[in-house]
Each structure stands twice: as C-alpha cells, then as structure tokens.
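Undergrad: Structure supplied as structure12.cif; contents: mmCIF, C-alpha atoms.
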data_input
#
loop_
_atom_site.label_atom_id
_atom_site.label_comp_id
_atom_site.auth_asym_id
_atom_site.auth_seq_id
_atom_site.Cartn_x
_atom_site.Cartn_y
_atom_site.Cartn_z
CA MET A 1 138.77 107.45 114.56
CA ASP A 2 138.69 105.23 111.49
CA ALA A 3 136.16 102.45 111.09
CA GLY A 4 137.86 99.09 111.52
CA LEU A 5 136.92 95.50 110.87
CA GLY A 6 135.14 95.25 114.22
CA HIS A 7 132.77 98.09 113.29
CA PHE A 8 131.75 96.45 110.02
CA VAL A 9 131.38 93.00 111.59
CA ALA A 10 129.21 94.45 114.38
CA LEU A 11 127.00 96.23 111.84
CA SER A 12 126.77 93.04 109.79
CA ALA A 13 125.75 91.03 112.89
CA LEU A 14 123.06 93.57 113.80
CA LEU A 15 121.62 93.59 110.28
CA PHE A 16 121.68 89.78 110.18
CA ALA A 17 119.88 89.65 113.53
CA ALA A 18 117.23 92.10 112.28
CA GLY A 19 116.74 89.92 109.19
CA ALA A 20 116.46 86.77 111.32
CA PHE A 21 113.77 88.46 113.41
CA GLY A 22 111.86 89.49 110.28
CA MET A 23 112.08 86.02 108.72
CA THR A 24 110.60 84.45 111.85
CA ALA A 25 108.03 87.10 112.70
CA ARG A 26 106.61 88.27 109.35
CA ARG A 27 103.22 86.87 108.32
CA SER A 28 103.40 87.84 104.65
CA LEU A 29 105.73 85.69 102.56
CA LEU A 30 106.78 88.82 100.67
CA GLY A 31 107.88 90.27 104.02
CA VAL A 32 109.83 87.07 104.70
CA LEU A 33 111.54 87.49 101.32
CA LEU A 34 112.50 91.09 102.14
CA SER A 35 113.91 89.97 105.50
CA ALA A 36 116.00 87.33 103.72
CA GLN A 37 117.41 90.12 101.54
CA VAL A 38 118.44 92.03 104.68
CA MET A 39 120.32 88.92 105.86
CA LEU A 40 122.06 88.55 102.49
CA THR A 41 123.08 92.22 102.56
CA ALA A 42 124.53 91.71 106.05
CA SER A 43 126.64 88.79 104.85
CA ALA A 44 127.88 90.81 101.85
CA ILE A 45 129.00 93.62 104.20
CA ALA A 46 130.95 91.14 106.35
CA LEU A 47 132.62 89.54 103.31
CA ALA A 48 133.64 92.89 101.83
CA ALA A 49 134.95 94.09 105.21
CA PHE A 50 137.08 90.97 105.73
CA ALA A 51 138.47 91.49 102.23
CA ARG A 52 139.26 95.17 102.88
CA PHE A 53 141.11 94.53 106.10
CA GLY A 54 143.25 91.87 104.54
CA TYR A 55 141.83 88.70 106.05
CA GLY A 56 141.95 86.66 102.90
CA GLY A 57 145.27 84.84 102.99
CA THR A 58 146.91 84.75 99.56
CA HIS A 59 143.88 86.34 97.83
CA PRO A 60 142.75 89.24 100.04
CA LEU A 61 140.06 90.21 97.50
CA SER A 62 138.33 86.81 97.59
CA GLY A 63 135.85 88.13 100.15
CA ALA A 64 134.83 90.96 97.83
CA VAL A 65 134.35 88.50 94.95
CA PHE A 66 132.18 86.29 97.19
CA ALA A 67 130.18 89.38 98.17
CA LEU A 68 129.54 89.96 94.45
CA PHE A 69 128.31 86.36 94.10
CA VAL A 70 126.05 86.83 97.14
CA VAL A 71 124.50 89.93 95.55
CA ALA A 72 123.93 88.03 92.27
CA GLY A 73 122.46 85.05 94.15
CA GLY A 74 120.14 87.38 96.04
CA ALA A 75 118.86 88.84 92.78
CA ALA A 76 118.16 85.31 91.44
CA GLU A 77 116.34 84.47 94.67
CA VAL A 78 114.11 87.53 94.40
CA ILE A 79 113.18 86.71 90.79
CA VAL A 80 112.17 83.11 91.51
CA ALA A 81 110.53 83.82 94.88
CA THR A 82 108.42 86.67 93.44
CA ALA A 83 107.21 84.43 90.59
CA LEU A 84 106.32 81.69 93.09
CA LEU A 85 104.50 84.16 95.35
CA LEU A 86 102.46 85.47 92.40
CA LEU A 87 101.53 81.88 91.54
CA VAL A 88 100.54 81.14 95.14
CA HIS A 89 98.48 84.33 95.28
CA ARG A 90 96.71 83.46 92.02
CA ARG A 91 95.76 80.02 93.26
CA ARG A 92 95.09 80.66 96.96
CA ASP A 93 94.28 84.39 96.98
CA THR A 94 96.70 84.98 99.85
CA VAL A 95 100.43 85.05 100.67
CA ASP A 96 99.84 84.83 104.42
CA SER A 97 102.13 82.16 105.87
CA ASP A 98 99.49 81.26 108.50
CA ALA A 99 96.91 80.49 105.81
CA LEU A 100 99.21 78.26 103.75
CA ASP A 101 99.27 75.28 106.11
CA ASP A 102 98.55 72.36 103.76
CA LEU A 103 101.65 70.47 104.91
CA ARG A 104 100.84 70.81 108.61
CA GLY A 105 100.96 67.38 110.26
CA MET B 1 137.45 111.30 113.80
CA THR B 2 138.37 111.00 110.10
CA VAL B 3 136.04 111.53 107.15
CA ASN B 4 136.01 107.76 106.64
CA GLY B 5 134.89 107.21 110.24
CA VAL B 6 132.13 109.84 109.98
CA ALA B 7 130.94 108.33 106.68
CA PHE B 8 130.86 104.85 108.23
CA TYR B 9 128.75 105.95 111.21
CA ALA B 10 126.36 107.94 109.00
CA PHE B 11 125.81 105.15 106.46
CA ALA B 12 125.70 102.47 109.17
CA ALA B 13 122.97 104.42 111.00
CA VAL B 14 120.94 104.72 107.76
CA ALA B 15 121.47 101.00 107.02
CA GLY B 16 120.41 99.98 110.53
CA LEU B 17 117.26 102.13 110.49
CA ALA B 18 116.38 100.94 106.97
CA ALA B 19 116.82 97.29 108.02
CA LEU B 20 114.53 97.81 111.00
CA ALA B 21 112.00 99.47 108.69
CA VAL B 22 112.18 96.54 106.22
CA VAL B 23 111.41 93.96 108.91
CA GLY B 24 109.07 96.14 110.98
CA LEU B 25 106.84 98.22 108.70
CA PRO B 26 103.37 96.69 108.20
CA SER B 27 103.07 98.05 104.64
CA LEU B 28 105.09 95.94 102.18
CA ARG B 29 105.30 98.87 99.79
CA HIS B 30 107.01 100.98 102.44
CA ALA B 31 109.23 98.02 103.33
CA ALA B 32 110.33 97.84 99.67
CA TYR B 33 111.25 101.55 99.78
CA ALA B 34 113.22 100.86 102.97
CA LEU B 35 115.02 98.01 101.17
CA ALA B 36 116.06 100.51 98.49
CA ALA B 37 117.45 102.79 101.23
CA LEU B 38 119.27 99.82 102.77
CA GLY B 39 120.77 98.94 99.36
CA ALA B 40 121.94 102.53 98.80
CA ALA B 41 123.45 102.79 102.31
CA THR B 42 125.21 99.43 101.90
CA ALA B 43 126.57 100.53 98.51
CA LEU B 44 127.99 103.67 100.14
CA LEU B 45 129.52 101.50 102.89
CA PHE B 46 131.26 99.50 100.14
CA LEU B 47 132.56 102.80 98.81
CA THR B 48 134.03 103.63 102.22
CA LEU B 49 135.75 100.23 101.99
CA GLY B 50 137.30 101.39 98.72
CA ASN B 51 135.50 98.93 96.46
CA GLU B 52 133.85 100.69 93.51
CA LEU B 53 132.78 97.49 91.75
CA LEU B 54 130.76 96.31 94.76
CA PHE B 55 129.37 99.84 95.17
CA ALA B 56 128.04 99.83 91.60
CA ALA B 57 126.69 96.26 91.80
CA GLU B 58 124.96 96.83 95.16
CA LEU B 59 123.45 100.16 94.10
CA LEU B 60 122.11 98.77 90.82
CA ILE B 61 120.82 95.46 92.19
CA TYR B 62 119.72 96.15 95.78
CA GLY B 63 119.20 99.90 95.46
CA LEU B 64 117.12 99.75 92.27
CA ALA B 65 116.36 96.34 90.70
CA VAL B 66 115.23 94.29 93.69
CA PRO B 67 112.99 97.03 95.20
CA ALA B 68 111.47 97.58 91.71
CA VAL B 69 110.61 93.86 91.42
CA VAL B 70 109.16 93.80 94.95
CA LEU B 71 107.13 96.99 94.32
CA THR B 72 105.72 95.43 91.15
CA ALA B 73 104.80 92.33 93.15
CA THR B 74 103.05 94.44 95.82
CA THR B 75 100.81 95.97 93.16
CA LEU B 76 99.86 92.51 91.85
CA ILE B 77 99.38 90.88 95.25
CA THR B 78 96.36 92.31 97.03
CA THR B 79 96.39 91.77 100.78
CA LYS B 80 93.26 91.73 102.90
CA LYS B 81 92.80 94.39 105.57
CA THR B 82 93.14 91.81 108.36
CA GLU B 83 96.52 90.75 106.90
CA ARG B 84 97.68 94.37 106.72
CA ASP B 85 96.63 95.05 110.32
CA ARG B 86 98.54 92.05 111.66
CA ALA B 87 102.01 92.18 110.09
CA PHE B 88 103.55 89.72 112.56
CA THR B 89 102.71 86.16 113.51
CA ALA B 90 101.42 85.29 116.97
CA TRP B 91 104.84 84.04 118.07
CA TRP B 92 106.70 87.31 117.44
CA PRO B 93 108.20 87.31 121.01
CA ILE B 94 110.03 84.10 120.05
CA ALA B 95 111.18 85.86 116.87
CA VAL B 96 112.63 88.67 119.02
CA LEU B 97 114.56 86.03 120.97
CA VAL B 98 115.76 84.46 117.70
CA GLY B 99 116.98 87.85 116.48
CA LEU B 100 118.72 88.73 119.75
CA GLY B 101 120.25 85.23 119.99
CA THR B 102 121.55 85.36 116.42
CA GLY B 103 123.06 88.81 116.96
CA ALA B 104 124.68 87.80 120.26
CA LEU B 105 126.09 84.60 118.72
CA LEU B 106 127.60 86.41 115.72
CA LEU B 107 129.08 89.20 117.84
CA GLY B 108 130.46 86.60 120.27
CA VAL B 109 132.10 84.57 117.50
CA ALA B 110 133.61 87.75 116.02
CA ALA B 111 134.94 88.87 119.40
CA VAL B 112 136.47 85.47 120.22
CA SER B 113 138.05 84.84 116.83
CA THR B 114 139.54 88.30 116.15
CA GLY B 115 143.09 87.91 114.95
CA ALA B 116 142.74 84.22 114.15
CA TRP B 117 142.54 84.69 110.37
CA SER B 118 145.51 84.69 108.06
CA HIS B 119 146.58 88.17 107.05
CA GLY B 120 147.35 89.19 103.47
CA THR B 121 148.24 92.53 101.93
CA TYR B 122 145.39 94.56 100.48
CA PRO B 123 146.11 96.17 97.10
CA SER B 124 145.90 99.94 96.70
CA ASP B 125 142.41 101.26 95.97
CA ALA B 126 143.36 102.14 92.41
CA THR B 127 143.85 98.51 91.42
CA VAL B 128 140.98 96.88 93.40
CA THR B 129 138.53 96.65 90.48
CA GLN B 130 141.27 95.49 88.12
CA ARG B 131 142.38 92.77 90.53
CA MET B 132 138.82 91.70 91.23
CA GLY B 133 138.29 91.31 87.49
CA ALA B 134 141.43 89.18 87.26
CA LEU B 135 140.22 87.03 90.17
CA ILE B 136 136.69 86.63 88.75
CA PHE B 137 137.91 85.60 85.31
CA GLY B 138 140.88 83.63 86.64
CA THR B 139 140.66 81.83 89.97
CA TYR B 140 136.86 82.12 90.26
CA ALA B 141 135.93 81.65 86.58
CA LEU B 142 133.88 78.51 87.29
CA PRO B 143 131.82 80.02 90.15
CA PHE B 144 131.30 83.12 87.98
CA ALA B 145 130.05 81.02 85.06
CA THR B 146 127.87 79.02 87.47
CA SER B 147 126.31 82.19 88.87
CA ALA B 148 125.61 83.36 85.31
CA VAL B 149 123.84 80.04 84.62
CA LEU B 150 121.99 80.43 87.94
CA LEU B 151 120.68 83.86 86.94
CA LEU B 152 119.61 82.60 83.51
CA THR B 153 117.89 79.57 85.09
CA ALA B 154 116.13 81.86 87.58
CA LEU B 155 114.88 84.03 84.70
CA VAL B 156 113.57 81.04 82.72
CA GLY B 157 112.13 79.52 85.92
CA ALA B 158 110.29 82.75 86.75
CA VAL B 159 108.78 82.90 83.25
CA VAL B 160 107.69 79.23 83.38
CA THR B 161 106.32 79.55 86.92
CA GLY B 162 104.47 82.77 86.16
CA ARG B 163 102.82 81.39 83.00
CA ARG B 164 99.21 80.26 83.31
CA ASP B 165 98.76 76.55 82.63
CA ASP B 166 96.12 75.16 80.22
CA LEU B 167 93.55 74.27 82.88
CA GLU B 168 93.80 77.72 84.44
CA ALA B 169 93.41 79.35 81.03
CA GLU B 170 90.33 77.18 80.28
CA LEU B 171 88.75 78.05 83.61
CA GLU B 172 89.38 81.75 83.04
CA ALA B 173 87.94 81.55 79.50
CA ALA B 174 84.85 79.75 80.84
CA GLU B 175 84.41 82.39 83.56
CA ARG B 176 84.77 85.16 80.97
CA GLY B 177 82.20 83.46 78.73
CA ARG B 178 79.76 83.10 81.63
CA ARG B 179 80.05 86.82 82.45
CA GLN B 180 79.51 87.80 78.81
CA ARG B 181 76.41 85.56 78.58
CA GLU B 182 74.98 87.10 81.74
CA GLU B 183 75.62 90.59 80.42
CA ARG B 184 73.92 89.75 77.10
CA MET B 185 70.87 88.31 78.91
CA ARG B 186 70.62 91.36 81.16
CA ARG B 187 70.69 93.70 78.17
CA ARG B 188 68.06 91.60 76.34
CA ARG B 189 65.77 91.71 79.40
CA GLU B 190 66.14 95.48 79.62
CA ASP B 191 65.41 95.91 75.88
CA ARG B 192 62.30 93.70 76.15
CA GLU B 193 61.06 95.67 79.16
CA ARG B 194 61.64 98.96 77.33
CA ALA B 195 59.80 97.67 74.25
CA ARG B 196 56.88 96.43 76.38
CA ARG B 197 56.52 99.84 78.03
CA ALA B 198 56.67 101.65 74.72
CA ALA B 199 54.02 99.32 73.19
CA ARG B 200 51.46 99.92 75.94
CA PRO B 201 48.64 102.34 75.03
CA ALA B 202 48.97 105.79 76.56
CA ALA B 203 45.61 105.42 78.34
CA VAL B 204 46.80 102.34 80.24
CA ALA B 205 49.95 104.14 81.27
CA GLU B 206 47.84 107.11 82.46
CA GLY B 207 45.56 104.77 84.42
CA GLU B 208 48.53 103.18 86.05
CA GLY B 209 49.82 106.66 86.88
CA GLN B 210 46.55 107.58 88.67
#
Can the structure from this file be put into structure tokens for me?
TA:
Amino acid sequence: MDAGLGHFVALSALLFAAGAFGMTARRSLLGVLLSAQVMLTASAIALAAFARFGYGGTHPLSGAVFALFVVAGGAAEVIVATALLLLVHRRRDTVDSDALDDLRG
Amino acid sequence: MTVNGVAFYAFAAVAGLAALAVVGLPSLRHAAYALAALGAATALLFLTLGNELLFAAELLIYGLAVPAVVLTATTLITTKKTERDRAFTAWWPIAVLVGLGTGALLLGVAAVSTGAWSHGTYPSDATVTQRMGALIFGTYALPFATSAVLLLTALVGAVVTGRRDDLEAELEAAERGRRQREERMRRRREDRERARRAARPAAVAEGEGQ
C-alpha cells in the first residue's frame, strides 16, 4: 500500500496537535518555542503533501514552495526568540512563563 | 505494501515519537535532541514525497541549525531545580483538551473536504527541483526576496537584542570593581595578620601555645 494524501494530512494533524499541547502546557518559554517549531514542521508536511498529490491548481508545486518559506520563517523565529529569551533570562533570571506575569491584570 | 509505504510508516512513527518527546520531555536539552530527530524524520518524509530541495532545506535547518541554536541557548539559560521538576503548567489537563481538540478539528476538516481542491498535474520527480527554482525566482520572486529580508532582519534584530545596553554594562563594571576591591582588602588583611604573627617574639608565641 502506498502512502496517500490522507496519510500525510493525518500525520500533519497529529504533529500539529502535539505542538498545540506543548505550547499550552510548557512552563519554560524555550519549551514553548520548541513546541511552536513542531507546529511549523506539521504545516510544512501538509503543504508538501498537497503539492505532491497535485492539489495546487495551475501550479502544483506552490505548496512545496510555501513549505520552503515556512521552514525559512521558522528559522527566523528561532533566531529572534532565542535572543529575546536570553535577554529575559539576563534581566529576570528565569524563563518560566508563570514567573513572567508583569502584564497580568 | 510498497517500499514507499514502508518508508512513510517508519519515518512517520519516528516523527510522531520525536514530536511527543519535544513537547513532553522535562529536560530542554533532550527536547532539542528530539527536535533534531523530528527534523531528520520530516526531511526523509519529504524525500518519500520526491522533493529533494525540501529534504535538503529541512535537514540543514531543522535537523541541524535550529537544534544547535536551541542547545546553545540551553547552556546559557540556567533553570532552577524547581523549574526542571515541573515541566508543565498547572492547567496541563486543559492543554491536553486543546491538543485533542485541535487534532480532531484538523482531521475532521481534512475528511470533509477531501476531493474539493482543484487538481493539477505533478511534474516528474526529475524536474521538481528545477521547476521549484523557476517558481521561486519567477512567480514567487517577491515573497522569496521578502523572506530573505526577513532572515536578515531577524539576524540584525538578534544581535541588537542580545547586546548589553550602556546601563547594564555600567552596572556590571561596578559589580566587577566592587568584587576586586573586596578581594584586595581581604588579601591586605591576610598579609597584615601574617606580618603581625611573624613580628611577635617567640616567647609570646610559646606562652600562647602553653
């Protein structure tokens, strides 16, 4: 049996769900960042799969190109978020999301 | 089952386990290793889809670069033992519901909308990279240039954000100066004490000994 679009979409949904759980449940902001990367990876898998199985209208490869942009965007996100987390850690000595509650109403 | 099907199930299993490890492991260092495994498995999944360009990009960025940056960050960010022991927030049951709900919603949408997209013809595997290049530098030239600017801006932003500002530098210099002064005073006290002991007559020292 060959893997079809449904298999890839199901895998993508499961990875996205795992990432959503991690983003909500993780205490460390670095853990939240890693969970966001899992979600981005899931979306890239879905985009590439849609491209492979021809669901792209006149440009079937558009999905694969978008997946490439998602990967590049994810790399940019990691760079900026890591720099911000280092800054937060230097000033507050923690990256625990429960401890950083200055904006709590 | 074909080789492609076996490869999909093998890499999908690795990707799923790695994703669970990324979101579930208490140690961030181990989670970063799991992210590398997820990146490698995803890259191999792209290879089963016949896309070598995505395979290379995913392997280099998510399999190597991103985990390396995160591992570097974990060495610079020291977490307290209490933070390590409690990896999840108090409302993690709600997070489980969020995860399950998101998964169910996405699977539901995929199941309902199957066959609703317009169908095009996929090029042969030999010309995928060539055609992607033509698309990137043709139809999607502007988004490509924008993403290049985004990466450059992120790099500059990270350098500016990570730099210590003047006040921070002054405070650190003052703290360093205070420590050096304390060290100098401690050494001077010890030297004076040593000199005082050496200057005392031997008889007094013997008397003190008895």
Undergrad: What does the distance between CA of Ala56 in chain B and CA of Ala43 in chain B come to in Å, to one decimal place?
TA: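 For CA of Ala56 in chain B relative to CA of Ala43 in chain B, the distance reads 7.1 Å.
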Undergrad: What separation in Å, quoted to one decimal, exists between CA of Ala3 in chain A and CA of Tyr9 in chain B?
TA: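 The value is 8.2 Å.
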Undergrad: Would you mind listing what lies within 7 Å of range 129-138 of chain B as a list in words, with only C-alpha atoms counted and same-chain residues fewer than 6 positions away left out?
TA: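 That gives Leu61 and Val65 of chain A; Glu52, Leu53 and Phe144 of chain B.
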Undergrad: Evaluated on this file, the PyMOL selection byres ((chain B and resi 25-37) around 7) picks out some residues - which ones are they, written as JSON, numbers by chain?
TA: {"A": [31], "B": [18, 21, 22, 23, 24, 38, 39, 40, 41, 62, 63, 64, 67, 70, 71, 74, 84, 87]}
Undergrad: Counting all atoms listed in the file, which of B:Ala158, B:Ala65, B:Ala145, B:Ala7 gets nearest to chain A?
TA: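 The answer is B:Ala158, which sits nearest to chain A.
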Undergrad: Can you work out the spacing between CA of Val160 in chain B and CA of Leu87 in chain A in Å, to one decimal?
TA: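 For CA of Val160 in chain B relative to CA of Leu87 in chain A, the distance reads 10.6 Å.
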Undergrad: Enumerate, as a list of chain:residue names, the residues matched when the PyMOL selection byres ((chain A and resi 33) around 9) is run on the file above.
TA: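 Applied to this file, the PyMOL selection byres ((chain A and resi 33) around 9) returns A:Met23, A:Ser28, A:Leu29, A:Leu30, A:Gly31, A:Val32, A:Leu34, A:Ser35, A:Ala36, A:Gln37, A:Val38, A:Glu77, A:Val78, A:Ala81, A:Thr82.
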Undergrad: Taking only C-alpha atoms into account, name the residue in A:Leu5, A:Pro60, A:Val80, A:Gly73 that is nearest to Ser147 in chain B.
TA: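 Nearest candidate to Ser147 in chain B out of A:Leu5, A:Pro60, A:Val80, A:Gly73: A:Gly73.
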Undergrad: Would you mind telling me which residue in B:Leu44, B:Trp91, B:Gly99, B:Ile77 lies nearest to Gly22 in chain A when using all atoms listed in the file?
TA: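 Looking only at the distances to Gly22 in chain A, the closest residue turns out to be B:Gly99.
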Undergrad: Of the candidates A:Phe66, A:Phe21, A:Leu103, A:Arg91, which shows the shortest atom-to-atom distance to chain B, using only C-alpha atoms?
TA: A:Phe21
Undergrad: Quick one: everything within 8 Å of Leu151 in chain B, counting all atoms listed in the file, minus sequence neighbours fewer than 5 positions away in the same chain. Send it as a list in words.
TA: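 My reading of the contact set: Ala72, Gly73, Ala75 and Ala76 of chain A.
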Undergrad: For Val98 in chain B, find every residue with an atom within 8 Å (counting all atoms listed in the file), except residues of its own chain fewer than 6 positions away, and show them as a list in words.
TA: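 Contacts, with the query itself left out: Ala17, Ala20, Phe21 and Thr24 of chain A.
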Undergrad: For the selection just defined, write its residues with C-alpha atoms to a file, as a PDB file, in the frame of the given file.
TA:
ATOM      1  CA  ALA A  17     119.880  89.650 113.530  1.00  0.00           C
ATOM      2  CA  ALA A  20     116.460  86.770 111.320  1.00  0.00           C
ATOM      3  CA  PHE A  21     113.770  88.460 113.410  1.00  0.00           C
ATOM      4  CA  THR A  24     110.600  84.450 111.850  1.00  0.00           C
TER       5      THR A  24
END
Undergrad: Kindly compute an axis-aligned box around the listed atoms of range 14-30 of chain A, allowing 4 Å on each side, and express its centre and edge lengths in Å to one decimal as JSON.
TA:
{"center_x": 113.1, "center_y": 89.0, "center_z": 107.2, "size_x": 27.8, "size_y": 17.1, "size_z": 21.1}
Undergrad: Could you list, as a PDB file with C-alpha atoms, in the frame of the given file, every residue within 9 Å of Val71 in chain A, counting only C-alpha atoms and ignoring same-chain residues fewer than 5 positions away?
TA:
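File selection.pdb, as written:
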ATOM      1  CA  LEU A  40     122.060  88.550 102.490  1.00  0.00           C
ATOM      2  CA  THR A  41     123.080  92.220 102.560  1.00  0.00           C
ATOM      3  CA  ALA A  44     127.880  90.810 101.850  1.00  0.00           C
ATOM      4  CA  PHE A  66     132.180  86.290  97.190  1.00  0.00           C
ATOM      5  CA  ALA A  76     118.160  85.310  91.440  1.00  0.00           C
TER       6      ALA A  76
ATOM      7  CA  LEU B  54     130.760  96.310  94.760  1.00  0.00           C
ATOM      8  CA  ALA B  57     126.690  96.260  91.800  1.00  0.00           C
ATOM      9  CA  GLU B  58     124.960  96.830  95.160  1.00  0.00           C
ATOM     10  CA  ILE B  61     120.820  95.460  92.190  1.00  0.00           C
ATOM     11  CA  TYR B  62     119.720  96.150  95.780  1.00  0.00           C
TER      12      TYR B  62
END
Undergrad: Applying 6 Å and all atoms listed in the file, which residues near Ala13 in chain A remain after dropping the ones on its own chain fewer than 2 positions away? List them as a list of chain:residue names.
TA: A:Ala10, A:Leu11, A:Leu15, A:Phe16, B:Gly103, B:Leu106
Undergrad: Let me make sure I understand: among B:Ala174, B:Leu167, B:Val112, B:Leu107, which one has the smallest atom-to-atom distance to chain A if we use only C-alpha atoms?
TA: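 Under the stated criterion, the closest residue is B:Leu107.
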Undergrad: Dump N, CA, C and O atoms of range 22-45 of chain B from the given block, as a tab-separated table (two decimals), in the first residue's frame.
TA:
chain	number	residue	atom	x	y	z
B	22	VAL	N	9.59	16.08	22.12
B	22	VAL	CA	9.86	17.54	22.15
B	22	VAL	C	8.91	18.23	23.14
B	22	VAL	O	9.33	19.05	23.95
B	23	VAL	N	7.63	17.87	23.08
B	23	VAL	CA	6.67	18.58	23.93
B	23	VAL	C	6.58	17.97	25.33
B	23	VAL	O	6.08	18.62	26.25
B	24	GLY	N	7.09	16.73	25.51
B	24	GLY	CA	6.89	16.06	26.78
B	24	GLY	C	8.09	15.92	27.69
B	24	GLY	O	7.94	15.81	28.90
B	25	LEU	N	9.31	15.95	27.13
B	25	LEU	CA	10.49	15.72	27.96
B	25	LEU	C	10.75	16.92	28.88
B	25	LEU	O	10.73	18.06	28.41
B	26	PRO	N	11.00	16.69	30.16
B	26	PRO	CA	11.25	17.81	31.06
B	26	PRO	C	12.56	18.54	30.74
B	26	PRO	O	12.64	19.76	30.89
B	27	SER	N	13.59	17.79	30.31
B	27	SER	CA	14.88	18.40	30.01
B	27	SER	C	14.83	19.07	28.63
B	27	SER	O	14.54	18.42	27.63
B	28	LEU	N	15.15	20.36	28.60
B	28	LEU	CA	15.11	21.10	27.32
B	28	LEU	C	16.22	20.64	26.39
B	28	LEU	O	16.08	20.70	25.17
B	29	ARG	N	17.32	20.19	26.98
B	29	ARG	CA	18.43	19.70	26.15
B	29	ARG	C	17.99	18.45	25.39
B	29	ARG	O	18.20	18.34	24.18
B	30	HIS	N	17.32	17.54	26.11
B	30	HIS	CA	16.82	16.33	25.45
B	30	HIS	C	15.74	16.68	24.42
B	30	HIS	O	15.65	16.05	23.36
B	31	ALA	N	14.93	17.69	24.74
B	31	ALA	CA	13.88	18.12	23.80
B	31	ALA	C	14.51	18.66	22.52
B	31	ALA	O	13.99	18.44	21.42
B	32	ALA	N	15.66	19.35	22.66
B	32	ALA	CA	16.35	19.87	21.46
B	32	ALA	C	16.88	18.73	20.61
B	32	ALA	O	16.80	18.78	19.37
B	33	TYR	N	17.40	17.67	21.27
B	33	TYR	CA	17.84	16.48	20.51
B	33	TYR	C	16.65	15.85	19.78
B	33	TYR	O	16.77	15.41	18.63
B	34	ALA	N	15.50	15.81	20.47
B	34	ALA	CA	14.30	15.23	19.85
B	34	ALA	C	13.86	16.07	18.65
B	34	ALA	O	13.38	15.53	17.65
B	35	LEU	N	14.05	17.40	18.76
B	35	LEU	CA	13.70	18.27	17.63
B	35	LEU	C	14.58	17.96	16.42
B	35	LEU	O	14.11	17.98	15.26
B	36	ALA	N	15.85	17.65	16.69
B	36	ALA	CA	16.76	17.26	15.60
B	36	ALA	C	16.26	15.97	14.94
B	36	ALA	O	16.26	15.85	13.70
B	37	ALA	N	15.80	15.01	15.76
B	37	ALA	CA	15.27	13.75	15.22
B	37	ALA	C	14.01	14.02	14.40
B	37	ALA	O	13.82	13.43	13.32
B	38	LEU	N	13.17	14.93	14.91
B	38	LEU	CA	11.94	15.29	14.18
B	38	LEU	C	12.29	15.92	12.82
B	38	LEU	O	11.68	15.59	11.79
B	39	GLY	N	13.29	16.81	12.83
B	39	GLY	CA	13.72	17.46	11.59
B	39	GLY	C	14.24	16.44	10.58
B	39	GLY	O	13.91	16.50	9.38
B	40	ALA	N	15.04	15.47	11.07
B	40	ALA	CA	15.60	14.45	10.16
B	40	ALA	C	14.48	13.57	9.61
B	40	ALA	O	14.46	13.28	8.40
B	41	ALA	N	13.54	13.17	10.47
B	41	ALA	CA	12.44	12.31	10.02
B	41	ALA	C	11.56	13.05	9.00
B	41	ALA	O	11.14	12.47	7.99
B	42	THR	N	11.30	14.33	9.28
B	42	THR	CA	10.49	15.12	8.34
B	42	THR	C	11.21	15.27	7.00
B	42	THR	O	10.58	15.19	5.93
B	43	ALA	N	12.53	15.49	7.06
B	43	ALA	CA	13.30	15.60	5.82
B	43	ALA	C	13.17	14.32	4.99
B	43	ALA	O	12.98	14.37	3.77
B	44	LEU	N	13.25	13.17	5.68
B	44	LEU	CA	13.12	11.90	4.96
B	44	LEU	C	11.70	11.71	4.41
B	44	LEU	O	11.52	11.12	3.34
B	45	LEU	N	10.71	12.25	5.14
B	45	LEU	CA	9.33	12.19	4.61
B	45	LEU	C	9.23	13.02	3.33
B	45	LEU	O	8.54	12.63	2.38
